[in-house]
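Have a look at the structure below before the remarks.
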Amino acid sequence: MGVFTIAKTITRNLFSRPPTSRYPAEPAKRFDLTRGHLVFTPEGCRVCRVCMLRCPTQAIVVDREKRTWECDHFRCITCGNCVDLCPTDALHLEPAYRSPEAAHPAKEFHTIPVPPPKPEAGGEKAEA
Amino acid sequence: MSRQIVIPFGPQHPVLPEPLHLDLVMEDERVVDVIPSIGYVHRGLEKLVEKRDYKDFVFIAERICGICSFIHGMTYCHAVEGVMDLDVPPRAVYLRTVWSELSRLHSHLLWLGLLADSMGFESLFMQAWRLREHVLDDLESTTGNRVIQGACKVGGVRHDVSDQKLREIVDGLGQLEAGMQDLTNVFVHDDSVKHRLSDLGVLTEQQAWDLGAAGPVLRASGVANDIRQTGYAAYDELEFTPVVETAGDCYARTVVRAKELFTSVDLIRQAVDRIPEGPIDMKVTGNPKGEFYARSEQPRGEVVHYVKANGTKNLVRFRVRTPTFTNLPPLLAAMKGIELADVPVVVLSIDPCIGCAER
Amino acid sequence: MAYMKRSPWIIHYDGSSCNGCDIEVLACLTPLYDVERFGIINTGNPKHADIFVVTGSVNEQNREVIRNIYEQMPQPKVVVALGICACSGGVFRECYNVEGGMDKVIPVDVYVPGCPVRPEQIIDGVVKALGVLEEKRARMKSGAPAEATV
Amino acid sequence: MNLLYAVAFIILAPLVGGLIAGVDRKLTARMQGRMGPPVLQPFYDVGKLLEKEHVVVALSQNYFVLAYLIFIAFSGALFFSGGDLLLVVFALTLAHVLLVLGAYAATSPYSFIGAERELIQLMAYEPMVILAAAGFYIATGSFYVTDIAAFPRPLIVLLPGIFIGLFYVLTMKLRKSPFDIATSHHAHQEIVKGVTTEFSGSTLGMVEVAHWYETVFLLGLFWLFFAWSPAIALIAVAILYLAEIFIDNATARVKWGFALRSIWAVTLVLSALNLVALQYFGGL
Amino acid sequence: MKREAQLIETIELGDLLPRVERQKKAGDRLVAISCAVVEGENEITYSFEDRAHRFLHLRIVVPPGATIPSVTPSYWGAFVYENEIHDLYGLTVTGMNVDFGGHFYATKVPYPFAAAASPKVTPAGKEAQEKECLDR
Amino acid sequence: MDILLFLLLAPLIAAVLLYVLPNHPVRDWLVRLAAVAIAGASLYLLATAFNKGTQLVVFPTEPAGLVMTGLAVLIALFILAMGVKYRKPVAIALALVQTALLLWFEFVYAPGMHAEHNLFVDEFSIVMALIIGVIGSAICVYAVPYMRTFQAQHAEVPDRRRMFFFVLFVFLSAMFGIVFSNNLSWLFFFWEVTTLCSFVLIGYTKTTEAIDNSFLALQMNLLGGVGFAAALLWLGMTQGTIELDKLVGAGAAVALVPATLISFAGLTKSAQLPFSSWLLGAMVAPTPVSALLHSSTMVKAGVYAIVKFAPVLSGTLPGLFVGLVGGVTFLAASAIAVTQSNAKRVLAYSTVANLGLVVACAGIGTYEAVWAAILLIIFHAVAKSLLFLGVGTVEHQVHSRDIEDMAGLVTRMPRVGVMMLIGMAGMYLAPMGMLISKWATLRAFIHAPGGILFLLLIAFGSAVTVFFWAKWMGLIIARPNRAENIESRVPREELIVLGLLALLVVGVSLLFPWISRLLLEPYVFGLYGKIAELGQDNVIIMLLMMGTILLLPLSLLYFRTGRHKLKPYMGGRPTSSDMHFAGSLGIEREMGLHNYYLEDWFGEKRTFRAGVAVTALLIVLMFAGLVNAGGFA
């Protein structure tokens with residue numbers, strides 16, 4: 001027998017503060033691990049291209065000759081694969097997510113500075 | 001003089017969250033024929049294996065479906081690990097189990113909500129989804145994302161979860177259980193819900209089995225078939241009994257899923273109790289060669305991932321047989337003679353995931 | 001006379017999406033995010049809707065459906081493409097059956113990247129859409145067509 | 001008959017009805033554990049609808065909806081000016097048939113099925129409404145709302161069966177769950193939006209306003225049961241509406257067959273008992 | 001962590017229907033029918049499961065564009081798989097109980113999985129692919 | 001009262017002339033001429049007699065009476081011959097019984113009974129005469145082009161139009177006879193003539209179905225005739241009067257037995273429930289016949305007789321049961337009408353239902369009820385004849401009488417469509433006529449003893465009525481785009497008659513306060529000394545609503561401008577403009593929209609069987625009540 005079996009729940013709801021987040025008046029809920037968006041630090045990059053080669057969605061293009069790093073954020077699925085694979089700390093994920101756009105934004109473009117000469121090993125390692 | 005009403009139902013329809021399309025032939029509101037059609041979500045992602053590294057493909061496998069996401073990723077890993085004969089560290093296996101069950105919780109709560117919505121029970125929908133948010137928080141705080149977790153990789157998992165966090169999750173689920181109890185109480189005992197679900201879309205045990213039904217649909221018809229019993233992941237070390245109902249109607253399917261919520265909570269508890277210390281991943285070298293069928297129990301039923309590899313980093317063939325796909329023929333059988341108002345309910349009763357089904 | 005901004009009704013269509021974004025759209029309606037705070041209702045009916053929230057990418061079969069829904073919406077109307085699949089085809093861009101982002105079929109006013117988009121992002125996207133909606137209304141009122149027909 | 005009241009109804013009812021709708025939505029949201037829209041949201045909605053483009057499937061659909069609005073307002077005005085209750089009921093039926101015809105005119109699958117279902121609804125609640133009018137007559141000796149309202153004894157005591165039956169039907173008239181089979185204010189439905197599927201823009205706005213008129217009229221009808229004491233009447237009507245919101249949130253939508261069967265059964269049993277008792281033990 | 005045994009049995013096309021019927025008689029459930037193109041040939045695998053979760057696969061190998069008989073007389077629900085195989089691989093399936101006539105998936109490319117549509121990816125082709133990736 | 005004689009004889013003369021003339025425009029013109037004459041005469045009757053109360057007319061009995069008896073025997077012989085020819089023993093038996101009773105009465109008792117006034121006219125007769133004279137003549141005019149098309153489309157049917165128009169006009173004459181006869185034996189004679197006309201016209205096409213149905217109708221009506229003859233015999237045996245006015249004036253103590261017996265005859269004639277099947281069968285007749293005999297006039301003769309005896313029945317047990325038969329018929333027939341998609345059957349069931357309501361009112365027999373009953377008769381006759389003729393016209397153009405095939409009539413045949421909408425609105429929507437009558441009926445029921453039962457019947461019955469009319473209206477305005485305008489094919493005369501009747505529907509609704517004041521109230525006052533009326537304010541409100549309804553179409557002018565037309569919502573599927581959508585399996589499917597028929601709820605067989613059982617019981621109780629009242633003691 002069950003009429004109005006939900007009565008208790010809805011009555012409780014009615015007389016208690018709703019759990020609704022006040023976003024955007026209040027900041028969004030985030031966790032440390034939250035994969036918001038990808039951040040590239042050109043200074044740390046060794047142009048190994050592993051991020052490009054292993055990107056599941058091919059959002060990243062790295063040009064070894066021109067030393068450029070490009071990312072199309074309308075392709076990036078923020079899976080963090082590149083971050084995991086990056087041999088240096090050039091890539092990391094921030095919990096804040098990207099905001100909406102009215103049009104396709106230009107790709108994020110970085111020129112990678114030439115580092116002081118160091119032994120280069122990252123690219124080959126990751127490709128193996 | 002035919003008095004048949006022929007109308008299109010879907011692909012865009014407020015009670016179908018996903019594009020499925022049915023041509024309904026009715027007399028008054030009695031459905032005399034249903035002609036289904038899919039293909040609105042067909043992307044052809046199975047073929048992407050030819051272009052992606054098998055290790056990266058896990059991210060795509062996860063995106064077969066955003067609801068069953070984790071288990072797709074995990075099953076894909078199982079398949080590849082099966083081909084390569086990798087022994088994944090036990091902690092990773094347990095973590096995968098915990099996440100699987102959390103996925104099941106979120107998926108079942110989601111489904112209960114959608115079912116309530118399909119019969120116009122809005123507050124019940126809200127309540128179910130409100131509870132689901134707790135599970136999503138657990139998932140996000142441990143994996144980094146709410147619905148597509150991206151936590152699995154070939155050879156292990158990507159993030160460790162501290163024992164303290166696992167405890168917190170279990171404690172949180174303890175509190176959630178009370179809410180789920182109230183929620184499922186409505187589904188199981190409310191007369192208006194029973195009016196909508198009982199004796200509707202009945203599949204007998206024989207029918208369900210012969211038509212290839214899977215998961216809760218099969219179990220609601222009295223077949224104790226739960227792929228978790230095959231002991232993949234950590235399930236061989238955990239104790240549980242598959243939830244079985246015998247009526248085979250929509251109500252039975254609802255009850256099965258409602259009860260499975262508690263099974264899942266229990267499994268998470270057991271897993272957290274027994275989780276061993278140790279590494280969470282292993283180094284995977286070389287490329288797979290061979291083939292493997294991996295099966296898992298998704299919230300919607302049995303999923304089969306088949307992988308065939310030839311020793312390159314690209315797989316030759318990756319095939320997914322999702323539970324919704326195999327539940328389509330039983331759905332058609334269940335839809336004979338129902339009323340228009342029952343259409344969304346019966347369709348939802350197999351917990352369709354069109355994204356899964358069409359890939 | 002800014003009712004347009006205070007009562008945006010949405011229609012949601014799931015293109016060839018993986019459901020990730022779709023369930024987040026639904027999650028927005030539910031207690032934790034409750035977009036009805038902003039007067040947003042998920043109508044499920046193009047004739048009633050102001051904002052077309054579309055997820056997933058365009059494929060062979062849903063192209064016509066998306067266009068059909070878009071055409072059935074009365075002016076002024078705004079399209080919000082949710083998730084990277086809708087923005088560009090996303091991770092499935094190279095699949096044989098995927099044509100690409102929603103802008104291959106209908107004019108998109110707001111793109112919300114993310115895989116999947118989070119409820120907060122959806123709210124941001126819809127709020128941004130409100131501005132566009134209001135602009136279109138003003139344009140319509142001045143006698144100009146709200147937008148060129150597709 | 002008081003023209004002033006009629007005019008007051010026509011002007012004020014949308015305001016009151018809209019406000020009630022707003023409170024309804026707020027309370028519904030709270031029951032669902034949400035914050036809910038602003039109380040004035042229904043007005044924003046209608047304001048928005050009026051700003052939209054005029055879109056139709058068939059030109060005549062707007063005409064029927066306009067006629068629907070006019071006759072809803074008309075029957076409400078007739079009621080509040082103290083007119084003949086039977087005529088009010090007939091005018092209301094006319095109004096609803098016009099809405100149904102509007103839905104038919106659109107010739108779309110969902111509005112068509114919505115129209116059929118709206119007719120089933122009409123068929124379901126019509127007997128109760130007619131019998132309620134008859135009950136008032138038997139109890140007070142007049143069909144005139146003026147006379148009924150001026151009846152010195154509490155009608156709720158004389159007409160408990162009619163009252164409960166009418167309350168049972170009220171859920172359907174307010175388009176609330178479990179009887180929101182033809183169209184629904186917010187819940188999703190297998191027939192999309194039923195009768196209103198093809199109405200958009202200002203036409204939909206008219207339907208909304210008509211609903212507001214109807215809400216006020218229906219609450220007025222319940223007022224009659226308590227009319228001997230306005231204070232009690234106000235409280236009673238408020239409680240009734242709250243109960244409706246509660247029921248709306250506490251039930252799944254039933255199928256039309258059950259709706260029709262149960263409403264007819266309730267109507268038959270309760271009104272027959274009540275009227276027979278009234279005729280033999282009191283009234284007239 | 002248990003791993004299921006992979007019981008794959010390759011049979012002749014002619015044996016298919018009797019074998020399937022035997023599985024049906026034995027009370028097995030049809031789990032899936034899958035297809036793969038391996039070295040230009042279509043491998044069609046019929047996977048069955050009995051009530052004790054024993055997972056069995058029957059495989060036939062047919063050339064591209066071949067005609068295969070439908071197993072729907074034994075398993076009513078098999079039409080979904082067979083229509084899929086038809087639409088994706090261009091194989092003809094005869095005797096299906098529900099024939100979508102090529103409208104199961106409306107694909108942009110006809111028969112996208114057919115042998116002709118699959119590039120041969122060999123270890124040697126890896127560099128070429130990488131290059132393609134750069135040229136994008 | 002020469003005008004009465006004119007109304008009795010003019011149709012007869014016209015009939016004979018029409019029988020003589022061949023198929024020729026001259027005959028068509030004669031029909032029109034006669035129709036105008038008859039209609040004019042009935043209006044003249046209204047103008048000269050409306051404020052004079054009941055006027056009794058002395059009319060020489062002897063020759064007329066003899067002629068009638070002779071004709072009655074001839075009729076009986078004809079029926080016997082037909083019965084033998086088509087092997088219908090029941091009809092033969094009934095005809096024999098009835099003739100025997102009649103002859104017994106004529107030769108044993110009639111000589112001793114002298115009727116002082118054989119003819120009369122009062123307000124009720126005027127109302128009936130107007131219905132016969134105006135609507136009946138209009139239908140005759142309509143029948144001219146209709147029968148031409150009918151014969152053209154049904155080449156297999158022998159052209160018997162001479163006979164057709166002959167019988168039609170004979171029938172008109174007999175109907176006038178029924179409503180003007182004060183002598184019950186005359187009334188009975190005319191009654192039998194209408195039965196015969198109906199019999200002949202139903203069998204017009206001479207198909208097996210038509211013949212069977214015509215005999216069904218004949219048998220049912222003969223059964224009623226037996227009741228009528230028994231009433232005469234009883235009057236003869238008890239040395240009562242055979243004058244209607246005296247009998248009605250004598251009250252229940254004297255007149256209850258004949259009143260009950262004649263009510264029984266009335267129940268069969270007006271196709272009340274256990275007998276309703278004949279009316280459904282009669283739908284095989286050409287549509288003008290259905291309109292004239294089987295909705296607006298002949299079946300009204302049945303209720304006319306019962307209403308005439310209402311003062312006698314009022315407050316008696318037999319009266320209560322007669323009323324209940326009507327009430328149950330109203331509910332059951334309305335319910336069955338929901339399940340019908342054949343337009344003529346819907347109309348037939350609706351006719352049965354509405355006559356049921358009249359019978360219910362008459363059975364109750366209070367002054368309010370009688371007032372309501374006459375209002376019902378008027379509004380029903382006008383609206384239903386319009387609908388029947390509308391269906392006839394549509395049938396000839398779309399070659400189907402199925403409601404589903406009338407979808408989109410407003411685009412295909414705009415004028416006919418709108419007229420039919422008016423007719424339907426006239427049947428159930430405020431502020432049109434029927435609703436006024438329903439208002440009156442409700443009031444009458446509340447005041448009646450046992451009224452709650454009637455209230456329940458009418459409450460549920462009207463709800464069901466709304467359903468089946470509204471869904472039909474809906475189909476007419478639904479617009480499947482395959483429609484092309486084919487109205488130009490409709491003969492002009494048909495459109496004129498339809499237009500006239502549509503005007504009448506609106507006009508009668510507008511003029512009803514005056515109709516009530518001039519005709520109904522004096523009649524009711526004359527019988528009961530009380531006046532029933534609708535309150536002044538309600539009249540104003542009704543007129544206000546009417547005005548709004550009439551003005552609202554002007555808004556279409558506004559809605560015509562600046563509208564963006566879209567295709568209907570089809571779940572997002574690609575849709576063509578002609579209601580096709582992209583269906584599954586790659587097939588383009590046509591959307592099929594059909595009304596609901598709720599077969600599981602009101603299935604014809606089940607409902608009919610239940611209705612027959614209940615009403616048969618009620619009729620038994622009616623006679624039992626008679627015994628109880630000491631009628632036969």
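For the structure tokens, the naming scheme is as follows: chains receive sequential letters (A, B, ...) according to their order of presentation, residues are indexed from 1 within each chain, and ligands are indexed from 1 in presentation order.
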
Env of Arg25 of chain D: 8 Å cut, atoms = only C-alpha atoms, seq-sep filter 5 positions within chain, self excluded. Answer as JSON, numbers by chain.
{"D": [36, 37, 39]}

Interface, chain C side, toward chain D (10 Å; only C-alpha atoms) as number ranges by chain:
C: 1-9, 29-50, 72-77, 137-138, 140-141, 146

For chain D against chain F, which residues fall within 7 Å using only C-alpha atoms, given as a ChimeraX atom specification?
/D:54-57,59-60,62-63,67,86,90-91,94,97,101,104-109,116,119-120,123,126-127,130-131,198,275-276

Which residues are close to Lys104 of chain C, i.e. within 9 Å by only C-alpha atoms, leaving aside same-chain residues fewer than 3 positions away? Reply as a compact mmCIF listing (two decimals) with C-alpha atoms, in the first residue's frame.
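Result written to selection-v9.txt:
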# COMPACT_ATOMS: atom_id res chain seq x y z
CA VAL C 58 26.90 16.24 -36.78
CA ARG C 63 22.10 16.57 -39.93
CA GLU C 99 30.92 15.70 -40.33
CA GLY C 100 32.22 17.99 -37.67
CA GLY C 101 30.86 20.63 -35.36
CA PRO C 107 24.71 28.98 -37.22

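Residue list for chain A within 6 Å of chain C: Pro19, Thr20, Ser21, Thr57, Phe74, Arg75, Ile77, Pro100, Glu101 and Ala102 of chain A, counting only C-alpha atoms.
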
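Coordinates place atom CA of Ala250 of chain D at a distance of 8.4 Å from atom CA of Val3 of chain A.
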
Show me, as a tab-separated table, the residues of chain C having an atom within 9 Å of chain E, each with the closest atom pair and its distance in Å, using only C-alpha atoms.
residue	atom	partner	partner_atom	distance
C:Asn59	CA	E:Lys108	CA	7.8
C:Glu60	CA	E:Lys108	CA	5.5
C:Gln61	CA	E:Ala106	CA	5.9
C:Tyr96	CA	E:Val109	CA	6.7
C:Asn97	CA	E:Lys108	CA	5.3
C:Val98	CA	E:Lys108	CA	8.0
C:Glu99	CA	E:Lys108	CA	8.7

Considering only C-alpha atoms, return as a PyMOL selection string whatever protein or nucleic-acid residues lie within 10 Å of Asp32 of chain A, sequence-local ones (same chain, fewer than 4 positions apart) excluded.
(chain A and resi 94-95) or (chain B and resi 140-144)

Tell me, counting only C-alpha atoms, for each residue of chain A within 12 Å of chain E, which pair of atoms is nearest and how far apart they are in Å to one decimal, in rows ordered by chain and increasing number, as CSV.
residue,atom,partner,partner_atom,distance
A:Arg49,CA,E:Leu134,CA,10.3
A:Val50,CA,E:Glu130,CA,11.2
A:Met52,CA,E:Cys133,CA,8.6
A:Leu53,CA,E:Glu130,CA,7.4
A:Arg54,CA,E:Glu130,CA,10.5
A:Cys55,CA,E:Cys133,CA,10.8
A:Pro56,CA,E:Cys133,CA,11.9
A:Thr57,CA,E:Cys133,CA,11.2
A:Gln58,CA,E:Cys133,CA,8.1
A:Ala59,CA,E:Cys133,CA,10.7
A:Ile60,CA,E:Leu134,CA,10.1
A:Val61,CA,E:Leu134,CA,7.3
A:Val62,CA,E:Leu134,CA,8.2
A:Asp63,CA,E:Leu134,CA,8.1
A:Arg64,CA,E:Leu134,CA,10.3
A:Glu65,CA,E:Leu134,CA,11.8
A:Glu70,CA,E:Leu134,CA,11.9
A:Glu127,CA,E:Glu130,CA,11.3

Pull out every residue of chain E sitting within 7 Å of chain B, counting only C-alpha atoms, and send them as a count of residues only.
18

Return as a tab-separated table the residues of chain B lying at most 9 Å from chain A, together with the closest atom-to-atom pair for each and the distance in Å to one decimal, counting only C-alpha atoms, with rows in chain order and ascending residue number.
residue	atom	partner	partner_atom	distance
B:Arg52	CA	A:Pro56	CA	6.8
B:Asp53	CA	A:Arg54	CA	7.1
B:Lys55	CA	A:Arg54	CA	8.7
B:Asp56	CA	A:Pro56	CA	5.7
B:Phe57	CA	A:Pro56	CA	6.7
B:Val58	CA	A:Pro56	CA	8.8
B:Phe59	CA	A:Pro56	CA	6.8
B:Ile60	CA	A:Pro56	CA	7.1
B:Ser123	CA	A:Ile10	CA	7.6
B:Leu124	CA	A:Ile6	CA	7.7
B:Gln127	CA	A:Thr9	CA	8.3
B:Arg130	CA	A:Pro19	CA	8.6
B:Asp137	CA	A:Phe31	CA	8.8
B:Glu140	CA	A:Thr34	CA	6.6
B:Ser141	CA	A:Phe31	CA	5.5
B:Thr142	CA	A:Leu33	CA	7.0
B:Thr143	CA	A:Leu33	CA	6.5
B:Gly144	CA	A:Thr34	CA	4.0
B:Asn145	CA	A:Thr34	CA	5.8
B:Arg146	CA	A:Thr34	CA	8.6
B:Gln149	CA	A:Cys79	CA	8.6
B:Gly150	CA	A:Cys79	CA	6.4
B:Arg158	CA	A:Asp84	CA	8.7
B:Gly179	CA	A:Thr9	CA	8.9
B:Asp182	CA	A:Thr9	CA	7.4
B:Leu183	CA	A:Ile6	CA	7.7
B:Asn185	CA	A:Thr5	CA	7.3
B:Val186	CA	A:Thr5	CA	5.5
B:Phe187	CA	A:Thr5	CA	8.9
B:His189	CA	A:Gly2	CA	5.4
B:Asp190	CA	A:Gly2	CA	4.5
B:Asp191	CA	A:Gly2	CA	5.2
B:Ser192	CA	A:Val3	CA	7.4
B:Thr285	CA	A:Ala128	CA	7.9
B:Gly286	CA	A:Ala128	CA	8.0

As JSON, numbers by chain, please: the residues near Tyr19 of chain F (cut-off 8 Å, only C-alpha atoms, same-chain neighbours under 4 positions excluded).
{"F": [15, 162, 163, 165, 166]}

Filtered DSSP result for chain E, state strand (DSSP E or B), as a ChimeraX atom specification:
/E:7-10,29-38,41-49,55-62,67-69,92-94

List every residue of segment 248-334 of chain B that DSSP, applied to the backbone of this structure, places in helix (DSSP H, G or I), and write the result as a PyMOL selection string.
chain B and resi 250-274+323-334

I need the residues from that last selection saved to file as a short mmCIF file (atom, residue, chain, number, x, y, z; two decimals), in the first residue's frame (with C-alpha atoms), if you can.
data_model
loop_
_atom_site.label_atom_id
_atom_site.label_comp_id
_atom_site.auth_asym_id
_atom_site.auth_seq_id
_atom_site.Cartn_x
_atom_site.Cartn_y
_atom_site.Cartn_z
CA CYS B 250 8.97 -2.80 -16.02
CA TYR B 251 8.33 -2.87 -12.34
CA ALA B 252 10.67 -5.84 -11.90
CA ARG B 253 13.34 -4.04 -13.89
CA THR B 254 12.95 -1.05 -11.64
CA VAL B 255 13.15 -3.14 -8.53
CA VAL B 256 16.26 -4.89 -9.79
CA ARG B 257 18.03 -1.60 -10.33
CA ALA B 258 16.76 -0.16 -7.08
CA LYS B 259 18.15 -3.11 -5.16
CA GLU B 260 21.39 -3.06 -7.07
CA LEU B 261 22.09 0.36 -5.63
CA PHE B 262 22.52 -1.27 -2.27
CA THR B 263 24.56 -4.14 -3.71
CA SER B 264 26.89 -1.57 -5.16
CA VAL B 265 27.27 0.27 -1.89
CA ASP B 266 28.02 -3.03 -0.24
CA LEU B 267 30.58 -3.95 -2.87
CA ILE B 268 32.32 -0.61 -2.46
CA ARG B 269 32.43 -1.19 1.26
CA GLN B 270 33.96 -4.63 0.81
CA ALA B 271 36.43 -3.38 -1.74
CA VAL B 272 37.59 -0.55 0.47
CA ASP B 273 37.96 -2.97 3.35
CA ARG B 274 40.14 -5.29 1.36
CA PRO B 323 24.10 -3.94 -23.54
CA THR B 324 21.65 -1.57 -25.19
CA PHE B 325 22.40 -3.05 -28.57
CA THR B 326 21.54 -6.52 -27.44
CA ASN B 327 18.56 -5.26 -25.49
CA LEU B 328 16.95 -3.79 -28.59
CA PRO B 329 15.21 -6.98 -29.76
CA PRO B 330 13.80 -7.65 -26.28
CA LEU B 331 12.63 -4.04 -26.22
CA LEU B 332 10.72 -4.55 -29.43
CA ALA B 333 9.14 -7.67 -28.02
CA ALA B 334 8.20 -5.83 -24.86
#

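Minimum atom-to-atom distance to chain F, evaluated using only C-alpha atoms, belongs to E:Phe100 out of E:Phe100, E:Tyr111, E:Tyr81, E:Tyr46.
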